[in-house]
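K.L.:
The structure file structure_25.cif (mmCIF, C-alpha atoms) is provided below.
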```
data_work
#
loop_
_atom_site.group_PDB
_atom_site.id
_atom_site.type_symbol
_atom_site.label_atom_id
_atom_site.label_comp_id
_atom_site.auth_asym_id
_atom_site.auth_seq_id
_atom_site.Cartn_x
_atom_site.Cartn_y
_atom_site.Cartn_z
ATOM 1 C CA MET A 816 61.985 97.574 70.179
ATOM 2 C CA ARG A 817 61.730 98.699 73.784
ATOM 3 C CA TRP A 818 64.806 96.639 74.620
ATOM 4 C CA LEU A 819 66.829 98.411 71.938
ATOM 5 C CA SER A 820 65.767 101.791 73.313
ATOM 6 C CA LEU A 821 66.658 100.735 76.858
ATOM 7 C CA ILE A 822 70.069 99.427 75.762
ATOM 8 C CA ALA A 823 70.767 102.647 73.854
ATOM 9 C CA ILE A 824 69.881 104.773 76.899
ATOM 10 C CA LEU A 825 72.080 102.644 79.184
ATOM 11 C CA ALA A 826 74.972 102.849 76.706
ATOM 12 C CA LEU A 827 74.702 106.649 76.587
ATOM 13 C CA CYS A 828 74.609 106.851 80.380
ATOM 14 C CA ALA A 829 77.609 104.582 80.675
ATOM 15 C CA CYS A 830 79.580 106.760 78.269
ATOM 16 C CA ASN A 831 78.709 109.778 80.368
ATOM 17 C CA LEU A 832 80.085 108.079 83.491
ATOM 18 C CA LEU A 833 83.567 108.153 81.951
ATOM 19 C CA ALA A 834 83.512 111.920 81.529
ATOM 20 C CA GLY A 835 85.088 114.151 84.144
ATOM 21 C CA GLU A 836 88.567 114.825 85.406
ATOM 22 C CA PRO A 837 91.265 112.503 84.133
ATOM 23 C CA ILE A 838 92.764 110.135 86.659
ATOM 24 C CA THR A 839 96.339 111.073 87.488
ATOM 25 C CA PRO A 840 98.477 108.014 88.147
ATOM 26 C CA THR A 841 100.296 107.917 91.447
ATOM 27 C CA PRO A 842 104.058 107.853 90.940
ATOM 28 C CA SER A 843 105.833 104.740 92.061
ATOM 29 C CA ILE A 844 107.893 104.806 95.237
ATOM 30 C CA PRO A 845 111.699 105.090 95.171
ATOM 31 C CA THR A 846 113.800 101.951 94.827
ATOM 32 C CA VAL A 847 117.165 101.108 96.362
ATOM 33 C CA ALA A 848 119.515 98.165 95.890
ATOM 34 C CA PHE A 849 122.890 96.992 97.140
ATOM 35 C CA GLN A 850 125.393 96.950 94.275
ATOM 36 C CA TYR A 851 128.140 95.720 96.592
ATOM 37 C CA PRO A 852 128.579 93.577 98.665
ATOM 38 C CA THR A 853 126.456 90.603 97.723
ATOM 39 C CA ASN A 854 124.057 88.969 100.158
ATOM 40 C CA ASN A 855 125.599 86.485 102.634
ATOM 41 C CA VAL A 856 129.158 87.669 102.053
ATOM 42 C CA SER A 857 131.673 86.577 104.726
ATOM 43 C CA ILE A 858 134.345 88.991 105.923
ATOM 44 C CA ALA A 859 136.928 89.061 108.686
ATOM 45 C CA GLU A 860 136.163 90.993 111.852
ATOM 46 C CA GLY A 861 137.794 94.425 111.745
ATOM 47 C CA THR A 862 137.333 94.783 107.973
ATOM 48 C CA ASP A 863 136.235 98.199 106.735
ATOM 49 C CA LEU A 864 133.481 96.958 104.407
ATOM 50 C CA GLN A 865 132.855 99.126 101.358
ATOM 51 C CA ILE A 866 129.169 99.366 100.451
ATOM 52 C CA GLN A 867 127.744 100.682 97.184
ATOM 53 C CA LEU A 868 124.050 101.572 96.927
ATOM 54 C CA LEU A 869 121.945 102.578 93.930
ATOM 55 C CA ALA A 870 118.638 104.440 94.381
ATOM 56 C CA GLN A 871 116.228 105.535 91.659
ATOM 57 C CA ASP A 872 113.008 107.529 91.582
ATOM 58 C CA GLU A 873 111.082 109.387 88.883
ATOM 59 C CA VAL A 874 110.278 112.188 91.356
ATOM 60 C CA GLY A 875 113.835 112.325 92.741
ATOM 61 C CA VAL A 876 115.913 110.748 95.495
ATOM 62 C CA SER A 877 116.888 113.141 98.292
ATOM 63 C CA ARG A 878 118.813 110.752 100.546
ATOM 64 C CA ILE A 879 119.747 107.175 101.342
ATOM 65 C CA GLU A 880 119.866 105.814 104.868
ATOM 66 C CA LEU A 881 121.966 102.798 105.875
ATOM 67 C CA ARG A 882 121.116 100.828 109.010
ATOM 68 C CA VAL A 883 123.114 98.026 110.597
ATOM 69 C CA ASP A 884 121.204 95.556 112.758
ATOM 70 C CA GLY A 885 118.275 97.980 112.866
ATOM 71 C CA GLN A 886 120.341 100.942 114.104
ATOM 72 C CA PRO A 887 121.024 104.076 112.008
ATOM 73 C CA HIS A 888 124.589 103.964 110.698
ATOM 74 C CA GLN A 889 125.065 106.466 107.873
ATOM 75 C CA ASP A 890 123.103 108.875 105.614
ATOM 76 C CA ALA A 891 124.035 110.326 102.247
ATOM 77 C CA SER A 892 122.429 113.029 100.086
ATOM 78 C CA PRO A 893 123.173 114.303 96.584
ATOM 79 C CA VAL A 894 125.809 117.039 96.569
ATOM 80 C CA ASP A 895 124.780 119.210 93.603
ATOM 81 C CA SER A 896 120.990 119.152 93.967
ATOM 82 C CA ASP A 897 118.227 118.513 96.494
ATOM 83 C CA THR A 898 117.073 115.496 94.479
ATOM 84 C CA VAL A 899 118.313 113.375 91.592
ATOM 85 C CA PRO A 900 116.548 110.623 89.596
ATOM 86 C CA VAL A 901 119.476 108.212 89.994
ATOM 87 C CA PHE A 902 121.742 108.312 93.050
ATOM 88 C CA THR A 903 124.749 106.062 93.579
ATOM 89 C CA VAL A 904 126.611 106.329 96.867
ATOM 90 C CA ASP A 905 129.554 104.602 98.512
ATOM 91 C CA MET A 906 129.443 104.029 102.256
ATOM 92 C CA ASN A 907 131.435 101.923 104.676
ATOM 93 C CA TRP A 908 130.944 99.873 107.824
ATOM 94 C CA LEU A 909 133.611 98.633 110.217
ATOM 95 C CA ALA A 910 132.709 94.975 110.787
ATOM 96 C CA LEU A 911 132.815 94.343 114.520
ATOM 97 C CA GLY A 912 131.229 91.447 116.384
ATOM 98 C CA GLY A 913 131.245 87.960 114.960
ATOM 99 C CA GLY A 914 128.168 86.414 113.392
ATOM 100 C CA PHE A 915 125.533 87.556 110.951
ATOM 101 C CA HIS A 916 124.630 91.239 110.696
ATOM 102 C CA VAL A 917 121.787 92.779 108.680
ATOM 103 C CA LEU A 918 122.506 95.798 106.489
ATOM 104 C CA GLU A 919 119.394 97.716 105.441
ATOM 105 C CA ALA A 920 119.183 100.588 102.948
ATOM 106 C CA THR A 921 116.215 102.897 102.361
ATOM 107 C CA ALA A 922 115.866 105.698 99.790
ATOM 108 C CA PHE A 923 113.798 108.838 100.466
ATOM 109 C CA ARG A 924 112.147 111.656 98.528
ATOM 110 C CA LEU A 925 112.085 115.220 99.879
ATOM 111 C CA ASP A 926 108.451 114.718 100.970
ATOM 112 C CA GLY A 927 109.465 111.720 103.101
ATOM 113 C CA THR A 928 108.142 109.007 100.777
ATOM 114 C CA GLN A 929 110.462 106.067 101.254
ATOM 115 C CA SER A 930 111.402 102.942 99.356
ATOM 116 C CA ARG A 931 110.935 99.432 100.565
ATOM 117 C CA PRO A 932 114.120 98.551 102.428
ATOM 118 C CA ALA A 933 116.820 96.564 100.661
ATOM 119 C CA LEU A 934 118.381 93.997 103.008
ATOM 120 C CA ILE A 935 121.523 91.892 102.913
ATOM 121 C CA ASN A 936 123.229 89.652 105.474
ATOM 122 C CA VAL A 937 126.928 89.937 106.233
ATOM 123 C CA ASN A 938 128.715 87.153 108.090
ATOM 124 C CA VAL A 939 131.554 88.529 110.224
ATOM 125 C CA ILE A 940 134.166 85.904 111.035
ATOM 126 C CA SER A 941 135.780 86.480 114.433
ATOM 127 C CA GLN A 942 139.581 86.469 114.482
ATOM 128 C CA ASP A 943 141.213 84.053 116.939
ATOM 129 C CA THR A 944 143.503 85.848 119.367
#
```
Mind converting the file's structure to structure tokens?
P.N.:
Amino acid sequence: MRWLSLIAILALCACNLLAGEPITPTPSIPTVAFQYPTNNVSIAEGTDLQIQLLAQDEVGVSRIELRVDGQPHQDASPVDSDTVPVFTVDMNWLALGGGFHVLEATAFRLDGTQSRPALINVNVISQDT
């Protein structure tokens, strides 16, 4: 009988541990992806490469940053609002210098929270002169 009483008391205490303020889930971070070009695309040197990026975030995307070989290249922000849940942007990069280059895109919220970077490789084929 004592064991039943002890179990009942522990069960009541355990139920009381769940009371309190509800846990608010942390929103996920923004996401960004290259829509075009595909990874490992090969292009001729001097080509003005068109790049299309898609960023999404439940809180809102405030900008997308494009880097080439680790260096800032171009930024874009929504035109009609400070943030949008889905942001598609077209950018470009003049392909100079033969060999592989890394294009990296990152999406940002207004508070600075950033996505994981999306990366693709672009192979620039040098033109014989």
K.L.:
Out of A:Glu919, A:Glu880, A:Glu873, A:Asp926, which residue has the shortest atom-to-atom distance to A:Pro900 when counting all atoms listed in the file?
P.N.:
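Looking at the shortest contact to A:Pro900, the residue is A:Glu873.
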K.L.:
Taking the file as I've supplied it (selection: the PyMOL selection byres ((chain A and resi 874) around 10)), which residues are included? Please answer as a compact mmCIF listing (two decimals) with C-alpha atoms, in the frame of the given file.
P.N.:
```txt
# COMPACT_ATOMS: atom_id res chain seq x y z
CA PRO A 842 104.06 107.85 90.94
CA SER A 843 105.83 104.74 92.06
CA ILE A 844 107.89 104.81 95.24
CA PRO A 845 111.70 105.09 95.17
CA GLN A 871 116.23 105.54 91.66
CA ASP A 872 113.01 107.53 91.58
CA GLU A 873 111.08 109.39 88.88
CA GLY A 875 113.84 112.32 92.74
CA VAL A 876 115.91 110.75 95.50
CA SER A 877 116.89 113.14 98.29
CA THR A 898 117.07 115.50 94.48
CA VAL A 899 118.31 113.38 91.59
CA PRO A 900 116.55 110.62 89.60
CA ARG A 924 112.15 111.66 98.53
CA LEU A 925 112.08 115.22 99.88
```
K.L.:
Between A:Ala848, A:Gln867, A:Asn936, A:Ala920, single out the one closest to A:Asp890, counting all atoms listed in the file.
P.N.:
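Selected residue with least distance to A:Asp890: A:Ala920.
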K.L.:
Could you tell me how far atom CA of A:Tyr851 sits from atom CA of A:Val901, in Å to one decimal place?
P.N.:
16.6 Å
K.L.:
So, counting all atoms listed in the file, which residue among A:Leu934, A:Ile940, A:Leu909, A:Val856 is closest to A:Arg882?
P.N.:
A:Leu934
K.L.:
At what distance in Å, to one decimal, does atom CA of A:Thr928 lie from atom CA of A:Pro852?
P.N.:
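Computing it gives 25.7 Å between the two atoms.
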K.L.:
Written as number ranges by chain, which residues does the PyMOL selection byres ((chain A and resi 914) around 12) give for the file shown?
P.N.:
A: 855-860, 884, 910-913, 915-917, 936-942
K.L.:
Write a file of the selected residues as a PDB file, in the frame of the given file, keeping C-alpha atoms.
P.N.:
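Wrote part_12.pdb, looks like this:
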```pdb
ATOM      1  CA  ASN A 855     125.599  86.485 102.634  1.00  0.00           C
ATOM      2  CA  VAL A 856     129.158  87.669 102.053  1.00  0.00           C
ATOM      3  CA  SER A 857     131.673  86.577 104.726  1.00  0.00           C
ATOM      4  CA  ILE A 858     134.345  88.991 105.923  1.00  0.00           C
ATOM      5  CA  ALA A 859     136.928  89.061 108.686  1.00  0.00           C
ATOM      6  CA  GLU A 860     136.163  90.993 111.852  1.00  0.00           C
ATOM      7  CA  ASP A 884     121.204  95.556 112.758  1.00  0.00           C
ATOM      8  CA  ALA A 910     132.709  94.975 110.787  1.00  0.00           C
ATOM      9  CA  LEU A 911     132.815  94.343 114.520  1.00  0.00           C
ATOM     10  CA  GLY A 912     131.229  91.447 116.384  1.00  0.00           C
ATOM     11  CA  GLY A 913     131.245  87.960 114.960  1.00  0.00           C
ATOM     12  CA  PHE A 915     125.533  87.556 110.951  1.00  0.00           C
ATOM     13  CA  HIS A 916     124.630  91.239 110.696  1.00  0.00           C
ATOM     14  CA  VAL A 917     121.787  92.779 108.680  1.00  0.00           C
ATOM     15  CA  ASN A 936     123.229  89.652 105.474  1.00  0.00           C
ATOM     16  CA  VAL A 937     126.928  89.937 106.233  1.00  0.00           C
ATOM     17  CA  ASN A 938     128.715  87.153 108.090  1.00  0.00           C
ATOM     18  CA  VAL A 939     131.554  88.529 110.224  1.00  0.00           C
ATOM     19  CA  ILE A 940     134.166  85.904 111.035  1.00  0.00           C
ATOM     20  CA  SER A 941     135.780  86.480 114.433  1.00  0.00           C
ATOM     21  CA  GLN A 942     139.581  86.469 114.482  1.00  0.00           C
TER      22      GLN A 942
END
```
K.L.:
Please measure the separation of atom CA of A:Ile866 and atom CA of A:Leu918, giving the value in Å to one decimal.
P.N.:
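Those two atoms sit 9.7 Å apart.
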K.L.:
Would you please work out which residue, of A:Pro887, A:Ile879, A:Trp908, A:Asp895, is nearest to A:Leu864 when using all atoms listed in the file?
P.N.:
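Of A:Pro887, A:Ile879, A:Trp908, A:Asp895, the one nearest A:Leu864 is A:Trp908, counting all atoms listed in the file.
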K.L.:
I would like the residues chosen by the PyMOL selection byres ((chain A and resi 892) around 6) on the shown file; could you give them as a compact mmCIF listing (two decimals) with C-alpha atoms, in the frame of the given file?
P.N.:
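Saved as result-v4.txt:
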```txt
# COMPACT_ATOMS: atom_id res chain seq x y z
CA SER A 877 116.89 113.14 98.29
CA ARG A 878 118.81 110.75 100.55
CA ALA A 891 124.04 110.33 102.25
CA PRO A 893 123.17 114.30 96.58
```
K.L.:
Name the closest residue to A:His888 among the candidates A:Phe902, A:Asn907, A:Val847, A:Pro932; distances are taken between atoms, counting only C-alpha atoms.
P.N.:
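Closest residue, counting only C-alpha atoms: A:Asn907.
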